[in-house]
Structures are given as structure tokens and as C-alpha cells.
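Asker: Contents of coords.cif (mmCIF, C-alpha atoms and all ligand atoms; chains and numbers go by the auth columns) are below:
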data_upload
#
loop_
_atom_site.group_PDB
_atom_site.id
_atom_site.type_symbol
_atom_site.label_atom_id
_atom_site.label_comp_id
_atom_site.label_asym_id
_atom_site.label_seq_id
_atom_site.Cartn_x
_atom_site.Cartn_y
_atom_site.Cartn_z
_atom_site.B_iso_or_equiv
_atom_site.auth_seq_id
_atom_site.auth_asym_id
ATOM 1 C CA MET A 1 -17.275 -6.028 -73.608 0.00 28 A
ATOM 2 C CA GLU A 2 -15.724 -3.440 -71.286 0.00 29 A
ATOM 3 C CA LEU A 3 -14.168 -4.434 -67.962 0.00 30 A
ATOM 4 C CA ARG A 4 -12.415 -2.345 -65.300 0.00 31 A
ATOM 5 C CA VAL A 5 -9.439 -4.379 -64.142 0.00 32 A
ATOM 6 C CA ASN A 6 -6.730 -3.169 -61.765 0.00 33 A
ATOM 7 C CA GLY A 7 -7.800 0.428 -62.302 0.00 34 A
ATOM 8 C CA GLN A 8 -7.745 0.256 -66.096 0.00 35 A
ATOM 9 C CA THR A 9 -10.578 0.048 -68.597 0.00 36 A
ATOM 10 C CA CYS A 10 -10.114 -2.953 -70.866 0.00 37 A
ATOM 11 C CA LEU A 11 -12.032 -3.810 -74.014 0.00 38 A
ATOM 12 C CA ILE A 12 -12.212 -7.501 -74.743 0.00 39 A
ATOM 13 C CA GLN A 13 -13.865 -9.797 -77.217 0.00 40 A
ATOM 14 C CA PRO A 14 -15.669 -12.448 -75.118 0.00 41 A
ATOM 15 C CA LEU A 15 -14.818 -16.031 -76.078 0.00 42 A
ATOM 16 C CA ARG A 16 -18.548 -16.871 -76.069 0.00 43 A
ATOM 17 C CA ASN A 17 -21.752 -15.626 -74.415 0.00 44 A
ATOM 18 C CA ALA A 18 -21.053 -17.473 -71.179 0.00 45 A
ATOM 19 C CA THR A 19 -17.380 -16.529 -70.892 0.00 46 A
ATOM 20 C CA LEU A 20 -16.301 -16.798 -67.280 0.00 47 A
ATOM 21 C CA LEU A 21 -14.536 -13.912 -65.587 0.00 48 A
ATOM 22 C CA MET A 22 -11.588 -16.263 -64.976 0.00 49 A
ATOM 23 C CA GLU A 23 -11.379 -17.033 -68.699 0.00 50 A
ATOM 24 C CA ALA A 24 -11.558 -13.354 -69.649 0.00 51 A
ATOM 25 C CA LEU A 25 -8.786 -12.487 -67.201 0.00 52 A
ATOM 26 C CA ARG A 26 -6.453 -15.332 -68.150 0.00 53 A
ATOM 27 C CA GLY A 27 -7.185 -15.295 -71.888 0.00 54 A
ATOM 28 C CA PRO A 28 -7.749 -11.944 -73.626 0.00 55 A
ATOM 29 C CA LEU A 29 -6.266 -9.943 -70.751 0.00 56 A
ATOM 30 C CA GLY A 30 -3.296 -12.243 -70.129 0.00 57 A
ATOM 31 C CA LEU A 31 -3.608 -11.954 -66.335 0.00 58 A
ATOM 32 C CA THR A 32 -2.500 -15.501 -65.615 0.00 59 A
ATOM 33 C CA GLY A 33 -1.813 -14.814 -61.940 0.00 60 A
ATOM 34 C CA THR A 34 -5.474 -15.735 -61.485 0.00 61 A
ATOM 35 C CA HIS A 35 -5.046 -19.493 -61.405 0.00 62 A
ATOM 36 C CA GLN A 36 -7.390 -22.059 -62.884 0.00 63 A
ATOM 37 C CA GLY A 37 -7.741 -24.987 -60.525 0.00 64 A
ATOM 38 C CA CYS A 38 -10.937 -26.961 -60.068 0.00 65 A
ATOM 39 C CA ASP A 39 -13.254 -24.928 -62.345 0.00 66 A
ATOM 40 C CA THR A 40 -16.073 -25.766 -59.934 0.00 67 A
ATOM 41 C CA ALA A 41 -15.859 -23.053 -57.246 0.00 68 A
ATOM 42 C CA GLN A 42 -14.172 -25.319 -54.721 0.00 69 A
ATOM 43 C CA CYS A 43 -10.424 -24.586 -54.611 0.00 70 A
ATOM 44 C CA GLY A 44 -10.261 -20.777 -54.488 0.00 71 A
ATOM 45 C CA ALA A 45 -7.206 -20.541 -56.769 0.00 72 A
ATOM 46 C CA CYS A 46 -9.137 -18.208 -59.090 0.00 73 A
ATOM 47 C CA THR A 47 -10.197 -15.733 -56.363 0.00 74 A
ATOM 48 C CA VAL A 48 -10.256 -12.040 -57.330 0.00 75 A
ATOM 49 C CA LEU A 49 -11.892 -8.953 -55.849 0.00 76 A
ATOM 50 C CA LEU A 50 -15.117 -7.656 -57.362 0.00 77 A
ATOM 51 C CA ASN A 51 -15.886 -4.231 -55.911 0.00 78 A
ATOM 52 C CA GLY A 52 -13.673 -5.203 -52.969 0.00 79 A
ATOM 53 C CA ARG A 53 -15.425 -8.490 -52.302 0.00 80 A
ATOM 54 C CA ALA A 54 -13.582 -11.777 -52.767 0.00 81 A
ATOM 55 C CA VAL A 55 -15.238 -13.936 -55.446 0.00 82 A
ATOM 56 C CA LYS A 56 -14.272 -17.074 -57.282 0.00 83 A
ATOM 57 C CA SER A 57 -13.841 -15.939 -60.855 0.00 84 A
ATOM 58 C CA CYS A 58 -14.685 -19.418 -62.213 0.00 85 A
ATOM 59 C CA ASN A 59 -18.121 -18.875 -60.719 0.00 86 A
ATOM 60 C CA VAL A 60 -18.798 -15.415 -62.194 0.00 87 A
ATOM 61 C CA LEU A 61 -19.637 -14.616 -65.799 0.00 88 A
ATOM 62 C CA ALA A 62 -17.521 -11.913 -67.372 0.00 89 A
ATOM 63 C CA VAL A 63 -20.695 -9.962 -68.184 0.00 90 A
ATOM 64 C CA GLN A 64 -21.556 -9.903 -64.461 0.00 91 A
ATOM 65 C CA ALA A 65 -18.349 -7.960 -63.872 0.00 92 A
ATOM 66 C CA GLU A 66 -19.200 -5.213 -66.358 0.00 93 A
ATOM 67 C CA GLY A 67 -19.412 -1.896 -64.549 0.00 94 A
ATOM 68 C CA ALA A 68 -17.580 -3.267 -61.482 0.00 95 A
ATOM 69 C CA GLU A 69 -13.991 -2.811 -60.302 0.00 96 A
ATOM 70 C CA VAL A 70 -12.070 -6.061 -60.645 0.00 97 A
ATOM 71 C CA GLN A 71 -8.772 -6.515 -58.824 0.00 98 A
ATOM 72 C CA THR A 72 -6.416 -9.384 -59.571 0.00 99 A
ATOM 73 C CA ILE A 73 -3.157 -10.388 -57.947 0.00 100 A
ATOM 74 C CA GLU A 74 -1.305 -8.337 -60.595 0.00 101 A
ATOM 75 C CA GLY A 75 -2.943 -5.188 -59.181 0.00 102 A
ATOM 76 C CA MET A 76 -2.291 -5.933 -55.525 0.00 103 A
ATOM 77 C CA ALA A 77 0.819 -3.751 -55.349 0.00 104 A
ATOM 78 C CA ALA A 78 2.379 -1.138 -57.599 0.00 105 A
ATOM 79 C CA PRO A 79 4.870 -2.562 -60.127 0.00 106 A
ATOM 80 C CA GLY A 80 8.151 -3.379 -58.378 0.00 107 A
ATOM 81 C CA GLU A 81 6.600 -3.152 -54.921 0.00 108 A
ATOM 82 C CA TRP A 82 5.076 -5.645 -52.496 0.00 109 A
ATOM 83 C CA HIS A 83 1.823 -5.406 -50.595 0.00 110 A
ATOM 84 C CA ALA A 84 2.178 -5.805 -46.805 0.00 111 A
ATOM 85 C CA LEU A 85 0.248 -9.066 -47.034 0.00 112 A
ATOM 86 C CA GLN A 86 2.690 -10.437 -49.609 0.00 113 A
ATOM 87 C CA LEU A 87 5.594 -9.524 -47.322 0.00 114 A
ATOM 88 C CA ALA A 88 3.868 -11.267 -44.415 0.00 115 A
ATOM 89 C CA PHE A 89 3.468 -14.418 -46.561 0.00 116 A
ATOM 90 C CA SER A 90 7.181 -14.271 -47.330 0.00 117 A
ATOM 91 C CA ARG A 91 8.166 -13.840 -43.643 0.00 118 A
ATOM 92 C CA HIS A 92 5.996 -16.750 -42.548 0.00 119 A
ATOM 93 C CA HIS A 93 6.988 -19.086 -45.423 0.00 120 A
ATOM 94 C CA ALA A 94 3.310 -19.248 -46.323 0.00 121 A
ATOM 95 C CA LEU A 95 3.794 -20.892 -49.714 0.00 122 A
ATOM 96 C CA GLN A 96 5.492 -23.854 -51.278 0.00 123 A
ATOM 97 C CA CYS A 97 4.429 -24.588 -54.872 0.00 124 A
ATOM 98 C CA GLY A 98 2.573 -21.254 -54.953 0.00 125 A
ATOM 99 C CA PHE A 99 -0.412 -22.466 -56.940 0.00 126 A
ATOM 100 C CA CYS A 100 -2.937 -21.448 -54.282 0.00 127 A
ATOM 101 C CA THR A 101 -1.096 -18.252 -53.326 0.00 128 A
ATOM 102 C CA PRO A 102 -2.739 -15.629 -55.575 0.00 129 A
ATOM 103 C CA GLY A 103 -6.162 -16.832 -54.492 0.00 130 A
ATOM 104 C CA MET A 104 -5.100 -16.913 -50.841 0.00 131 A
ATOM 105 C CA LEU A 105 -3.776 -13.355 -51.060 0.00 132 A
ATOM 106 C CA MET A 106 -6.902 -12.083 -52.780 0.00 133 A
ATOM 107 C CA ARG A 107 -9.148 -13.819 -50.260 0.00 134 A
ATOM 108 C CA ALA A 108 -7.100 -12.510 -47.332 0.00 135 A
ATOM 109 C CA SER A 109 -7.005 -8.966 -48.678 0.00 136 A
ATOM 110 C CA ALA A 110 -10.792 -8.725 -48.294 0.00 137 A
ATOM 111 C CA MET A 111 -10.733 -9.805 -44.643 0.00 138 A
ATOM 112 C CA LYS A 112 -10.081 -6.398 -43.070 0.00 139 A
ATOM 113 C CA ALA A 113 -13.164 -4.936 -44.738 0.00 140 A
ATOM 114 C CA GLU A 114 -15.153 -7.961 -43.551 0.00 141 A
ATOM 115 C CA GLY A 115 -14.020 -7.374 -39.968 0.00 142 A
ATOM 116 C CA VAL A 116 -12.324 -10.762 -39.617 0.00 143 A
ATOM 117 C CA PRO A 117 -10.424 -10.615 -36.304 0.00 144 A
ATOM 118 C CA PRO A 118 -6.702 -11.492 -36.219 0.00 145 A
ATOM 119 C CA GLU A 119 -7.349 -14.855 -34.609 0.00 146 A
ATOM 120 C CA PRO A 120 -6.338 -18.194 -36.139 0.00 147 A
ATOM 121 C CA ASP A 121 -9.751 -19.820 -35.817 0.00 148 A
ATOM 122 C CA ALA A 122 -11.526 -16.864 -37.426 0.00 149 A
ATOM 123 C CA VAL A 123 -8.981 -16.692 -40.252 0.00 150 A
ATOM 124 C CA ARG A 124 -9.254 -20.437 -40.857 0.00 151 A
ATOM 125 C CA ARG A 125 -13.041 -20.108 -41.090 0.00 152 A
ATOM 126 C CA ALA A 126 -12.735 -17.216 -43.535 0.00 153 A
ATOM 127 C CA LEU A 127 -10.292 -19.282 -45.625 0.00 154 A
ATOM 128 C CA ALA A 128 -12.607 -22.281 -45.805 0.00 155 A
ATOM 129 C CA GLY A 129 -13.106 -21.838 -49.557 0.00 156 A
ATOM 130 C CA ASN A 130 -9.396 -21.753 -50.392 0.00 157 A
ATOM 131 C CA ILE A 131 -7.470 -25.007 -50.544 0.00 158 A
ATOM 132 C CA CYS A 132 -3.716 -25.430 -50.183 0.00 159 A
ATOM 133 C CA ARG A 133 -2.249 -28.856 -50.940 0.00 160 A
ATOM 134 C CA CYS A 134 1.244 -28.061 -49.647 0.00 161 A
ATOM 135 C CA THR A 135 1.670 -25.931 -46.573 0.00 162 A
ATOM 136 C CA GLY A 136 -0.667 -27.237 -43.884 0.00 163 A
ATOM 137 C CA TYR A 137 -2.003 -23.653 -43.596 0.00 164 A
ATOM 138 C CA GLU A 138 0.047 -22.730 -40.500 0.00 165 A
ATOM 139 C CA GLY A 139 2.194 -20.111 -42.224 0.00 166 A
ATOM 140 C CA ILE A 140 -0.734 -18.776 -44.233 0.00 167 A
ATOM 141 C CA VAL A 141 -2.858 -18.267 -41.125 0.00 168 A
ATOM 142 C CA ALA A 142 0.048 -16.716 -39.195 0.00 169 A
ATOM 143 C CA ALA A 143 0.782 -14.293 -42.048 0.00 170 A
ATOM 144 C CA ILE A 144 -2.839 -13.207 -42.357 0.00 171 A
ATOM 145 C CA CYS A 145 -3.197 -12.766 -38.583 0.00 172 A
ATOM 146 C CA GLU A 146 -0.063 -10.622 -38.516 0.00 173 A
ATOM 147 C CA TRP A 147 -1.398 -8.469 -41.350 0.00 174 A
ATOM 148 C CA LEU A 148 -4.834 -8.131 -39.759 0.00 175 A
ATOM 149 C CA GLU A 149 -3.184 -7.095 -36.483 0.00 176 A
ATOM 150 C CA GLY A 150 -1.460 -4.287 -38.369 0.00 177 A
ATOM 151 C CA GLY A 151 -4.675 -2.265 -38.479 0.00 178 A
ATOM 152 C CA ASP A 152 -4.811 0.149 -41.383 0.00 179 A
ATOM 153 C CA ALA A 153 -1.107 -0.273 -42.215 0.00 180 A
ATOM 154 C CA GLY A 154 -0.576 -1.919 -45.585 0.00 181 A
ATOM 155 C CA LEU A 155 -4.195 -1.922 -46.697 0.00 182 A
HETATM 156 S S1 LIG B . -10.824 -22.651 -60.196 0.00 1 B
HETATM 157 FE FE1 LIG B . -12.285 -21.392 -59.247 0.00 1 B
HETATM 158 S S2 LIG B . -12.566 -22.193 -57.277 0.00 1 B
HETATM 159 FE FE2 LIG B . -11.205 -23.598 -58.241 0.00 1 B
HETATM 160 S S1 LIG B . 1.510 -23.682 -51.743 0.00 2 B
HETATM 161 FE FE1 LIG B . 1.078 -25.392 -53.058 0.00 2 B
HETATM 162 S S2 LIG B . -1.086 -25.457 -53.060 0.00 2 B
HETATM 163 FE FE2 LIG B . -0.642 -23.966 -51.572 0.00 2 B
#
Could you show the structure in this file as C-alpha cells?
Answerer:
Amino acid sequence: MELRVNGQTCLIQPLRNATLLMEALRGPLGLTGTHQGCDTAQCGACTVLLNGRAVKSCNVLAVQAEGAEVQTIEGMAAPGEWHALQLAFSRHHALQCGFCTPGMLMRASAMKAEGVPPEPDAVRRALAGNICRCTGYEGIVAAICEWLEGGDAGL
């Protein structure tokens, strides 16, 4: 099977016919920044971008991603650099244990293209599929609002 992940073409041997995208990323490709939480499309920890759209990779078969551009947290910024959204999370102390963070960042990174306004209520609605057990969401929402307010900077 051939997948395009973070701008690179990757050949992988699927674990089985119904290999999930999450399993392909974490297993053969070693991209363990995509976290495995609930396995039932509820927590959002496994969120990645599929052709720019945020999807839960535990709810997508690897074969469904063939021919698409997949982006994981490892491809969010160039090696040694930080994406503006990651810097905003740092400024607003938007993480504690960090388990939800890759999924939160991936989900948030699709919000500009979706036209989500930089308003807490709108961001909270857009984040409804991503669960954080630690932070109470305040810092996460503030960081995303700040990034959305930045217009095209740090896309
Ligand atoms: S592991 Fe995919 S949504 Fe929880
Ligand atoms: S920072 Fe721990 S689950 Fe969100």
C-alpha cells in the first residue's frame, strides 16, 4: 500500500485488510505522535489531516487514505521549528499531560480553512470531538482564538 504522509510517499505492508489509518501511522510508519485513545472515534487524540480536513484516524481505513495527502503532528512544522499554533499553545499553557495535544493541534489547524471565527464559543463547538482530561480547555481555546485572530500568519 502507498500512502502520502507529511509530503513523502511511503510504502507499507498493511497489518490486515481492515488496517486503520491510525494503526498504519503508529505501526509501520512509526509516527507515534498520533495518539491512540478510545479507538471508537470519541476522544480525538488520533486526529490527523486528510487532504486538509481533520479526521479521526481510528475511524478511517488506511486504504481510504490512498491517493490522499495525510498530515500528522510530526509534519506540522519543519524539523527544529514550531508552528504558530504550537507556540500559541505554549504561551497559553494549553497542555498538561499532553496526551490530547497532537489531536487538538491537528483539529485546530483545520479551523482557518473551515472559517471558524476567533471566538471562544465557536472554537469550543469546533472542538467538540476532542476531549482533554486535564486542562479545563481554557488555555486551549485561548490559544486557538489567538492563532485564528492572526489571519494568514502562521498557517
Ligand atoms: S482514538 Fe480515535 S477518537 Fe479516540
Ligand atoms: S493535557 Fe492531558 S488530556 Fe489534555
Asker: Residues within 12 Å of ligand LIG 1 (chain B) should be enumerated using all atoms listed in the file and returned as number ranges by chain.
Answerer: A: 47-50, 53, 61-75, 81-88, 126-127, 129-131, 134, 155-159
Asker: Using all atoms listed in the file, which residue out of A:Ile39, A:Leu77, A:Val168, A:Leu52 lies closest to Ala121 in chain A?
Answerer: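 Closest residue, counting all atoms listed in the file: A:Val168.
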Asker: Evaluate the PyMOL selection byres (((chain A and resi 119) around 7) and not hetatm) on the structure here and hand back the selected residues as JSON, numbers by chain.
Answerer: {"A": [115, 116, 117, 118, 120, 121, 166, 169, 170]}
Asker: I need the residue nearest ligand LIG 2 (chain B) from this list: A:Gly125, A:Gly142, A:Gly34, A:Pro147. Use all atoms listed in the file for the distance.
Answerer: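 Closest to ligand LIG 2 (chain B), using all atoms listed in the file: A:Gly125.
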Asker: Have a look at A:Ala140, A:Leu122, A:Leu114, A:Cys37 and name the one nearest to ligand LIG 2 (chain B); count all atoms listed in the file.
Answerer: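 Using all atoms listed in the file, the shortest distance to ligand LIG 2 (chain B) belongs to A:Leu122.
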Asker: Please identify all polymer residues lying at most 7 Å from the point (-8.8, -6.3, -68.0) (file coordinates), using all atoms listed in the file, and present the result as a list in words.
Answerer: Leu30, Arg31, Val32, Gln35, Thr36, Cys37, Leu52 and Leu56 of chain A
Asker: Convert the output of the PyMOL selection byres (((chain A and resi 143) around 12) and not hetatm) on the shown file into explicit residues, formatted as a list in words.
Answerer: Arg134, Ala135, Ser136, Ala137, Met138, Lys139, Ala140, Glu141, Gly142, Pro144, Pro145, Glu146, Pro147, Asp148, Ala149, Val150, Arg151, Arg152, Ala153, Leu154, Ile171, Cys172, Trp174, Leu175, Glu176 and Gly178 of chain A
Asker: Which residues, named as in the file, does the PyMOL selection byres (((chain A and resi 100) around 7) and not hetatm) pick out? Answer as a list of chain:residue names.
Answerer: A:Gly60, A:Thr61, A:Gln98, A:Thr99, A:Glu101, A:Gly102, A:Met103, A:Pro129, A:Met133
Asker: Would you work out the distance separating CA of Asn78 in chain A from CA of Thr59 in chain A, expressed in Å to one decimal?
Answerer: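 The value is 20.0 Å.
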Asker: Output as JSON the centre and edge lengths (Å, one decimal) of the box along x, y and z of the file that holds every listed atom of range 139-158 of chain A after adding 5 Å on each side.
Answerer:
{"center_x": -10.7, "center_y": -15.0, "center_z": -42.6, "size_x": 18.8, "size_y": 30.1, "size_z": 25.9}
Asker: CA of Glu96 in chain A and atom S2 of ligand LIG 2 (chain B), how far apart in Å?
Answerer: 27.1 Å
Asker: Nearest to Gln40 in chain A among A:Leu112, A:Leu58, A:Val90, A:Leu76, with distances taken over only C-alpha atoms: which residue is it?
Answerer: A:Val90
Asker: With N, CA and C atoms as the target, complete range 144-159 of chain A and hand it back as a PDB file, keeping the file's coordinate frame.
Answerer:
ATOM      1  N   PRO A 144     -11.404 -10.937 -37.340  1.00  0.00           N
ATOM      2  CA  PRO A 144     -10.424 -10.615 -36.304  1.00  0.00           C
ATOM      3  C   PRO A 144      -9.115 -11.370 -36.533  1.00  0.00           C
ATOM      4  N   PRO A 145      -8.010 -10.847 -36.004  1.00  0.00           N
ATOM      5  CA  PRO A 145      -6.702 -11.492 -36.219  1.00  0.00           C
ATOM      6  C   PRO A 145      -6.520 -12.705 -35.316  1.00  0.00           C
ATOM      7  N   GLU A 146      -7.387 -13.644 -35.441  1.00  0.00           N
ATOM      8  CA  GLU A 146      -7.349 -14.855 -34.609  1.00  0.00           C
ATOM      9  C   GLU A 146      -7.344 -16.077 -35.520  1.00  0.00           C
ATOM     10  N   PRO A 147      -6.481 -17.039 -35.230  1.00  0.00           N
ATOM     11  CA  PRO A 147      -6.338 -18.194 -36.139  1.00  0.00           C
ATOM     12  C   PRO A 147      -7.655 -18.882 -36.475  1.00  0.00           C
ATOM     13  N   ASP A 148      -8.503 -19.101 -35.513  1.00  0.00           N
ATOM     14  CA  ASP A 148      -9.751 -19.820 -35.817  1.00  0.00           C
ATOM     15  C   ASP A 148     -10.621 -19.023 -36.785  1.00  0.00           C
ATOM     16  N   ALA A 149     -10.708 -17.713 -36.557  1.00  0.00           N
ATOM     17  CA  ALA A 149     -11.526 -16.864 -37.426  1.00  0.00           C
ATOM     18  C   ALA A 149     -10.940 -16.816 -38.834  1.00  0.00           C
ATOM     19  N   VAL A 150      -9.625 -16.733 -38.936  1.00  0.00           N
ATOM     20  CA  VAL A 150      -8.981 -16.692 -40.252  1.00  0.00           C
ATOM     21  C   VAL A 150      -9.173 -18.033 -40.964  1.00  0.00           C
ATOM     22  N   ARG A 151      -9.038 -19.119 -40.237  1.00  0.00           N
ATOM     23  CA  ARG A 151      -9.254 -20.437 -40.857  1.00  0.00           C
ATOM     24  C   ARG A 151     -10.690 -20.561 -41.377  1.00  0.00           C
ATOM     25  N   ARG A 152     -11.647 -20.056 -40.620  1.00  0.00           N
ATOM     26  CA  ARG A 152     -13.041 -20.108 -41.090  1.00  0.00           C
ATOM     27  C   ARG A 152     -13.205 -19.279 -42.367  1.00  0.00           C
ATOM     28  N   ALA A 153     -12.606 -18.097 -42.365  1.00  0.00           N
ATOM     29  CA  ALA A 153     -12.735 -17.216 -43.535  1.00  0.00           C
ATOM     30  C   ALA A 153     -12.036 -17.802 -44.760  1.00  0.00           C
ATOM     31  N   LEU A 154     -11.047 -18.672 -44.526  1.00  0.00           N
ATOM     32  CA  LEU A 154     -10.292 -19.282 -45.625  1.00  0.00           C
ATOM     33  C   LEU A 154     -10.880 -20.621 -46.066  1.00  0.00           C
ATOM     34  N   ALA A 155     -12.055 -20.942 -45.570  1.00  0.00           N
ATOM     35  CA  ALA A 155     -12.607 -22.281 -45.805  1.00  0.00           C
ATOM     36  C   ALA A 155     -12.762 -22.596 -47.291  1.00  0.00           C
ATOM     37  N   GLY A 156     -12.918 -21.591 -48.129  1.00  0.00           N
ATOM     38  CA  GLY A 156     -13.106 -21.838 -49.557  1.00  0.00           C
ATOM     39  C   GLY A 156     -11.826 -21.836 -50.363  1.00  0.00           C
ATOM     40  N   ASN A 157     -10.685 -21.775 -49.689  1.00  0.00           N
ATOM     41  CA  ASN A 157      -9.396 -21.753 -50.392  1.00  0.00           C
ATOM     42  C   ASN A 157      -8.552 -22.939 -49.928  1.00  0.00           C
ATOM     43  N   ILE A 158      -8.186 -23.770 -50.883  1.00  0.00           N
ATOM     44  CA  ILE A 158      -7.470 -25.007 -50.544  1.00  0.00           C
ATOM     45  C   ILE A 158      -5.991 -24.868 -50.884  1.00  0.00           C
ATOM     46  N   CYS A 159      -5.159 -25.335 -49.940  1.00  0.00           N
ATOM     47  CA  CYS A 159      -3.716 -25.430 -50.183  1.00  0.00           C
ATOM     48  C   CYS A 159      -3.316 -26.886 -50.007  1.00  0.00           C
TER      49      CYS A 159
END
